[in-house]
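Heads up, the thing below is written out as structure tokens.
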Amino acid sequence: MSGRARVVIVQNSPGSGPGRLPGWLVDEQIDAVIVAGDDLPGRLADVGDQADGLVLLGGGFMPDDDERAPFLPRERAIVGEAVEAGVPVLGICLGAQLLALVGGGEVTAQSGETEKGFCRVDLLAAAADDELFAGLAELAGSGGDAGDDPDGGLRMMQNHKDSITRLPADAVHLGTSAACDVEAFRLGRSAWGVQFHPEAPAERIAEWDVAQLMTDGFDRSQLLADAMAHAEANTRQARALVGAFAAVVRERRR
């Protein structure tokens, strides 16, 4: 197939942008097209001129809150088509929750698994053989570079109160954390969900609402300082994840 591959990034909320993703995808020789949730059609075939892969961003609401976001039924239908067809999907935060829901899993609002700031994510044994996470498993295990945990683990941006509380029966659980059970999973052969935000840099925390964070029991200055201390490792790890997804997109397109 000639030409460059194209990944459609679904922006579910104006406040949840693609961050570092478009630039990293371009570096991987993949065109990134951003589509607002409101502009989604009802079928995968109508998503842009060509969708060789999908990225589903966050949004701050539940994946079945159709009254608040009337486009969600269309997004779920498109994701279901993509999973069945083997089109690569990367769901982030809300996107991961939507992917889990489409697959028959369960998402719980205000689940008690709240995470804010740069949090440690531990990869499970299945990650070592996963197309997306095998390289990250090696990075997490090295623990030798600036900002790395000495005993392994990833450092990823978190900003959620809702979470996946039951994975689809046929999903593969890939990552977890002390506060949140489901941090990463694979559904089918080409769809992944991550509760964390690889697109968001440490500096994003400086934009968060101080009063709301205090209400939730978090101090923004502490969150930001910790994130900056792990910024180098986070960028390296998040970049590797996006690069692996790009490689899957290119491979599936052949």
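To be explicit about the labels: the chains of the structure tokens are called A, B, and onward in the order shown, and within each one the residues are counted from 1, while ligands get numbers from 1 in the order they are shown.
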Quiz item: Could you pull out the strand (DSSP E) residues of segment 127-254 of chain A from DSSP and send them as a ChimeraX atom specification?
Solution: /A:154-160,163-166,172-176,184-187,191-194
Close residues, segment 3-6 of chain A itself excluded, 8 Å, only C-alpha atoms, min 6 positions apart in chain, as a PDB file with N, CA and C atoms, in the first residue's frame:
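Result file selection.pdb:
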ATOM      1  N   GLN A  29       6.740   8.781  10.873  1.00  0.00           N
ATOM      2  CA  GLN A  29       6.274   8.759   9.486  1.00  0.00           C
ATOM      3  C   GLN A  29       4.805   8.374   9.373  1.00  0.00           C
ATOM      4  N   ILE A  30       4.020   8.844  10.333  1.00  0.00           N
ATOM      5  CA  ILE A  30       2.580   8.602  10.337  1.00  0.00           C
ATOM      6  C   ILE A  30       1.861   9.934  10.460  1.00  0.00           C
ATOM      7  N   ASP A  31       0.902  10.169   9.591  1.00  0.00           N
ATOM      8  CA  ASP A  31       0.104  11.390   9.664  1.00  0.00           C
ATOM      9  C   ASP A  31      -0.928  11.262  10.774  1.00  0.00           C
ATOM     10  N   ALA A  32      -1.093  12.341  11.542  1.00  0.00           N
ATOM     11  CA  ALA A  32      -2.063  12.360  12.641  1.00  0.00           C
ATOM     12  C   ALA A  32      -3.174  13.340  12.298  1.00  0.00           C
ATOM     13  N   VAL A  33      -4.409  12.856  12.346  1.00  0.00           N
ATOM     14  CA  VAL A  33      -5.583  13.678  12.052  1.00  0.00           C
ATOM     15  C   VAL A  33      -6.450  13.714  13.305  1.00  0.00           C
ATOM     16  N   GLN A  50      -8.997   7.909   5.522  1.00  0.00           N
ATOM     17  CA  GLN A  50      -8.352   6.629   5.779  1.00  0.00           C
ATOM     18  C   GLN A  50      -7.999   6.567   7.256  1.00  0.00           C
ATOM     19  N   ALA A  51      -8.326   5.494   7.908  1.00  0.00           N
ATOM     20  CA  ALA A  51      -7.978   5.327   9.319  1.00  0.00           C
ATOM     21  C   ALA A  51      -7.212   4.025   9.471  1.00  0.00           C
ATOM     22  N   ASP A  52      -5.887   4.141   9.453  1.00  0.00           N
ATOM     23  CA  ASP A  52      -5.051   2.961   9.644  1.00  0.00           C
ATOM     24  C   ASP A  52      -4.894   2.627  11.118  1.00  0.00           C
ATOM     25  N   GLY A  53      -5.269   3.574  11.982  1.00  0.00           N
ATOM     26  CA  GLY A  53      -5.230   3.372  13.423  1.00  0.00           C
ATOM     27  C   GLY A  53      -6.069   4.429  14.106  1.00  0.00           C
ATOM     28  N   VAL A 249       0.786  -0.001  13.697  1.00  0.00           N
ATOM     29  CA  VAL A 249      -0.013   0.612  12.628  1.00  0.00           C
ATOM     30  C   VAL A 249       0.609   0.349  11.274  1.00  0.00           C
ATOM     31  N   ARG A 250       1.910   0.559  11.164  1.00  0.00           N
ATOM     32  CA  ARG A 250       2.584   0.334   9.882  1.00  0.00           C
ATOM     33  C   ARG A 250       2.526  -1.137   9.478  1.00  0.00           C
ATOM     34  N   ARG A 253      -0.915  -2.281   8.294  1.00  0.00           N
ATOM     35  CA  ARG A 253      -1.334  -1.647   7.043  1.00  0.00           C
ATOM     36  C   ARG A 253      -0.819  -2.383   5.820  1.00  0.00           C
TER      37      ARG A 253
END
Near Asp130 of chain A, counting only C-alpha atoms, which residues have an atom at most 12 Å away, once you skip same-chain residues fewer than 3 positions from it, shown as a PDB file with N, CA, C and O atoms, in the first residue's frame?
ATOM      1  N   LEU A 123       4.298  -3.214  35.180  1.00  0.00           N
ATOM      2  CA  LEU A 123       3.881  -4.100  34.107  1.00  0.00           C
ATOM      3  C   LEU A 123       3.831  -5.540  34.601  1.00  0.00           C
ATOM      4  O   LEU A 123       4.676  -5.973  35.386  1.00  0.00           O
ATOM      5  N   LEU A 124       2.824  -6.273  34.144  1.00  0.00           N
ATOM      6  CA  LEU A 124       2.630  -7.660  34.522  1.00  0.00           C
ATOM      7  C   LEU A 124       3.390  -8.576  33.573  1.00  0.00           C
ATOM      8  O   LEU A 124       3.913  -8.150  32.545  1.00  0.00           O
ATOM      9  N   ALA A 125       3.444  -9.860  33.908  1.00  0.00           N
ATOM     10  CA  ALA A 125       4.249 -10.807  33.130  1.00  0.00           C
ATOM     11  C   ALA A 125       3.845 -10.845  31.664  1.00  0.00           C
ATOM     12  O   ALA A 125       4.695 -10.976  30.776  1.00  0.00           O
ATOM     13  N   ALA A 126       2.542 -10.691  31.388  1.00  0.00           N
ATOM     14  CA  ALA A 126       2.070 -10.760  30.002  1.00  0.00           C
ATOM     15  C   ALA A 126       2.623  -9.646  29.136  1.00  0.00           C
ATOM     16  O   ALA A 126       2.676  -9.768  27.905  1.00  0.00           O
ATOM     17  N   ALA A 127       3.073  -8.545  29.744  1.00  0.00           N
ATOM     18  CA  ALA A 127       3.594  -7.422  28.977  1.00  0.00           C
ATOM     19  C   ALA A 127       4.878  -7.777  28.235  1.00  0.00           C
ATOM     20  O   ALA A 127       5.187  -7.180  27.200  1.00  0.00           O
ATOM     21  N   PHE A 133       4.009  -3.453  24.618  1.00  0.00           N
ATOM     22  CA  PHE A 133       4.624  -3.262  25.928  1.00  0.00           C
ATOM     23  C   PHE A 133       5.928  -4.018  26.150  1.00  0.00           C
ATOM     24  O   PHE A 133       6.570  -3.816  27.177  1.00  0.00           O
ATOM     25  N   ALA A 134       6.327  -4.868  25.220  1.00  0.00           N
ATOM     26  CA  ALA A 134       7.563  -5.631  25.431  1.00  0.00           C
ATOM     27  C   ALA A 134       8.755  -4.701  25.619  1.00  0.00           C
ATOM     28  O   ALA A 134       9.578  -4.889  26.512  1.00  0.00           O
ATOM     29  N   GLY A 135       8.862  -3.667  24.770  1.00  0.00           N
ATOM     30  CA  GLY A 135       9.966  -2.720  24.897  1.00  0.00           C
ATOM     31  C   GLY A 135       9.894  -1.929  26.187  1.00  0.00           C
ATOM     32  O   GLY A 135      10.917  -1.629  26.806  1.00  0.00           O
ATOM     33  N   LEU A 136       8.685  -1.586  26.622  1.00  0.00           N
ATOM     34  CA  LEU A 136       8.526  -0.860  27.881  1.00  0.00           C
ATOM     35  C   LEU A 136       8.894  -1.738  29.064  1.00  0.00           C
ATOM     36  O   LEU A 136       9.410  -1.247  30.066  1.00  0.00           O
ATOM     37  N   ALA A 137       8.624  -3.031  28.954  1.00  0.00           N
ATOM     38  CA  ALA A 137       8.993  -3.950  30.030  1.00  0.00           C
ATOM     39  C   ALA A 137      10.499  -3.951  30.218  1.00  0.00           C
ATOM     40  O   ALA A 137      11.011  -3.986  31.343  1.00  0.00           O
ATOM     41  N   GLU A 138      11.239  -3.857  29.112  1.00  0.00           N
ATOM     42  CA  GLU A 138      12.698  -3.792  29.202  1.00  0.00           C
ATOM     43  C   GLU A 138      13.133  -2.464  29.819  1.00  0.00           C
ATOM     44  O   GLU A 138      14.034  -2.426  30.670  1.00  0.00           O
ATOM     45  N   VAL A 172      -6.358  -9.182  27.911  1.00  0.00           N
ATOM     46  CA  VAL A 172      -5.098  -9.551  28.560  1.00  0.00           C
ATOM     47  C   VAL A 172      -4.658  -8.383  29.434  1.00  0.00           C
ATOM     48  O   VAL A 172      -4.422  -7.281  28.938  1.00  0.00           O
ATOM     49  N   HIS A 173      -4.541  -8.626  30.729  1.00  0.00           N
ATOM     50  CA  HIS A 173      -4.161  -7.599  31.691  1.00  0.00           C
ATOM     51  C   HIS A 173      -2.647  -7.396  31.612  1.00  0.00           C
ATOM     52  O   HIS A 173      -1.866  -8.335  31.811  1.00  0.00           O
ATOM     53  N   LEU A 174      -2.210  -6.162  31.351  1.00  0.00           N
ATOM     54  CA  LEU A 174      -0.798  -5.890  31.103  1.00  0.00           C
ATOM     55  C   LEU A 174      -0.126  -5.013  32.160  1.00  0.00           C
ATOM     56  O   LEU A 174       1.095  -5.065  32.302  1.00  0.00           O
ATOM     57  N   GLY A 175      -0.907  -4.175  32.853  1.00  0.00           N
ATOM     58  CA  GLY A 175      -0.292  -3.254  33.807  1.00  0.00           C
ATOM     59  C   GLY A 175      -1.208  -2.923  34.959  1.00  0.00           C
ATOM     60  O   GLY A 175      -2.437  -2.926  34.816  1.00  0.00           O
ATOM     61  N   ALA A 184      -3.354  -1.094  32.229  1.00  0.00           N
ATOM     62  CA  ALA A 184      -3.129  -1.362  30.818  1.00  0.00           C
ATOM     63  C   ALA A 184      -3.663  -2.752  30.486  1.00  0.00           C
ATOM     64  O   ALA A 184      -3.580  -3.677  31.304  1.00  0.00           O
ATOM     65  N   PHE A 185      -4.191  -2.891  29.262  1.00  0.00           N
ATOM     66  CA  PHE A 185      -4.700  -4.187  28.815  1.00  0.00           C
ATOM     67  C   PHE A 185      -4.721  -4.220  27.291  1.00  0.00           C
ATOM     68  O   PHE A 185      -4.634  -3.191  26.627  1.00  0.00           O
ATOM     69  N   ARG A 186      -4.842  -5.422  26.762  1.00  0.00           N
ATOM     70  CA  ARG A 186      -5.013  -5.611  25.325  1.00  0.00           C
ATOM     71  C   ARG A 186      -6.330  -6.336  25.082  1.00  0.00           C
ATOM     72  O   ARG A 186      -6.696  -7.253  25.817  1.00  0.00           O
ATOM     73  N   LEU A 187      -7.033  -5.903  24.049  1.00  0.00           N
ATOM     74  CA  LEU A 187      -8.278  -6.549  23.643  1.00  0.00           C
ATOM     75  C   LEU A 187      -8.115  -6.975  22.192  1.00  0.00           C
ATOM     76  O   LEU A 187      -7.815  -6.135  21.326  1.00  0.00           O
ATOM     77  N   GLY A 188      -8.303  -8.269  21.909  1.00  0.00           N
ATOM     78  CA  GLY A 188      -8.053  -8.761  20.566  1.00  0.00           C
ATOM     79  C   GLY A 188      -6.574  -8.709  20.252  1.00  0.00           C
ATOM     80  O   GLY A 188      -5.730  -8.717  21.144  1.00  0.00           O
ATOM     81  N   ARG A 189      -6.237  -8.599  18.984  1.00  0.00           N
ATOM     82  CA  ARG A 189      -4.816  -8.620  18.603  1.00  0.00           C
ATOM     83  C   ARG A 189      -4.227  -7.238  18.397  1.00  0.00           C
ATOM     84  O   ARG A 189      -2.998  -7.096  18.342  1.00  0.00           O
ATOM     85  N   SER A 190      -5.088  -6.190  18.319  1.00  0.00           N
ATOM     86  CA  SER A 190      -4.547  -4.891  17.939  1.00  0.00           C
ATOM     87  C   SER A 190      -5.143  -3.712  18.694  1.00  0.00           C
ATOM     88  O   SER A 190      -5.018  -2.571  18.239  1.00  0.00           O
ATOM     89  N   ALA A 191      -5.787  -3.940  19.821  1.00  0.00           N
ATOM     90  CA  ALA A 191      -6.397  -2.838  20.573  1.00  0.00           C
ATOM     91  C   ALA A 191      -5.866  -2.833  21.999  1.00  0.00           C
ATOM     92  O   ALA A 191      -5.878  -3.860  22.676  1.00  0.00           O
ATOM     93  N   TRP A 192      -5.414  -1.649  22.436  1.00  0.00           N
ATOM     94  CA  TRP A 192      -4.857  -1.503  23.778  1.00  0.00           C
ATOM     95  C   TRP A 192      -5.530  -0.351  24.512  1.00  0.00           C
ATOM     96  O   TRP A 192      -5.894   0.662  23.900  1.00  0.00           O
ATOM     97  N   LEU A 241       6.298   3.871  24.003  1.00  0.00           N
ATOM     98  CA  LEU A 241       4.957   3.312  23.847  1.00  0.00           C
ATOM     99  C   LEU A 241       4.326   3.775  22.533  1.00  0.00           C
ATOM    100  O   LEU A 241       3.765   2.970  21.777  1.00  0.00           O
ATOM    101  N   ALA A 244       5.979   2.126  19.580  1.00  0.00           N
ATOM    102  CA  ALA A 244       5.542   0.743  19.398  1.00  0.00           C
ATOM    103  C   ALA A 244       4.166   0.689  18.749  1.00  0.00           C
ATOM    104  O   ALA A 244       3.903  -0.165  17.893  1.00  0.00           O
ATOM    105  N   PHE A 245       3.276   1.613  19.158  1.00  0.00           N
ATOM    106  CA  PHE A 245       1.961   1.658  18.532  1.00  0.00           C
ATOM    107  C   PHE A 245       2.091   2.022  17.055  1.00  0.00           C
ATOM    108  O   PHE A 245       1.421   1.437  16.195  1.00  0.00           O
ATOM    109  N   VAL A 248       3.030  -0.969  15.066  1.00  0.00           N
ATOM    110  CA  VAL A 248       1.885  -1.851  14.837  1.00  0.00           C
ATOM    111  C   VAL A 248       1.019  -1.308  13.710  1.00  0.00           C
ATOM    112  O   VAL A 248       0.560  -2.057  12.840  1.00  0.00           O
TER     113      VAL A 248
END
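Atom CA of Ile34 of chain A is positioned 10.1 Å from atom CA of Leu56 of chain A.
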Exercise. Pick out the residues sitting within 9 Å of Asp226 of chain A, and hand them over as a ChimeraX atom specification; count only C-alpha atoms, and ignore anything fewer than 4 positions along from it in its own chain.
Key: /A:117-118,202,221-222,230-231
Quiz item: Within 9 Å of Ser13 of chain A, counting only C-alpha atoms, which residues qualify if same-chain residues fewer than 6 places away don't, as JSON, numbers by chain?
Solution: {"A": [36, 37, 57, 58, 59, 60]}
Quiz item: If we count only C-alpha atoms, what is near Glu199 of chain A at a cut-off of 12 Å, once residues fewer than 4 positions away on the same chain are taken out, given as a PyMOL selection string?
Solution: chain A and resi 9+16-25+55-58+90-93+156-158+194-195+203-204+234-242
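Using only C-alpha atoms for every distance, the candidate list A:Val47, A:Ala82, A:Ile164, A:Val87 yields A:Ile164 as the residue closest to Pro63 of chain A.
Each of A:Arg68, A:Lys161, A:His197, A:Arg76 was checked against Arg43 of chain A using only C-alpha atoms; the smallest atom-to-atom distance is that of A:Arg76.
Atom CA of Ala169 of chain A is found 26.7 Å from atom CA of Ala247 of chain A.
Atom pair atom CA of Gly193 of chain A / atom CA of Leu99 of chain A: separated by 6.7 Å.
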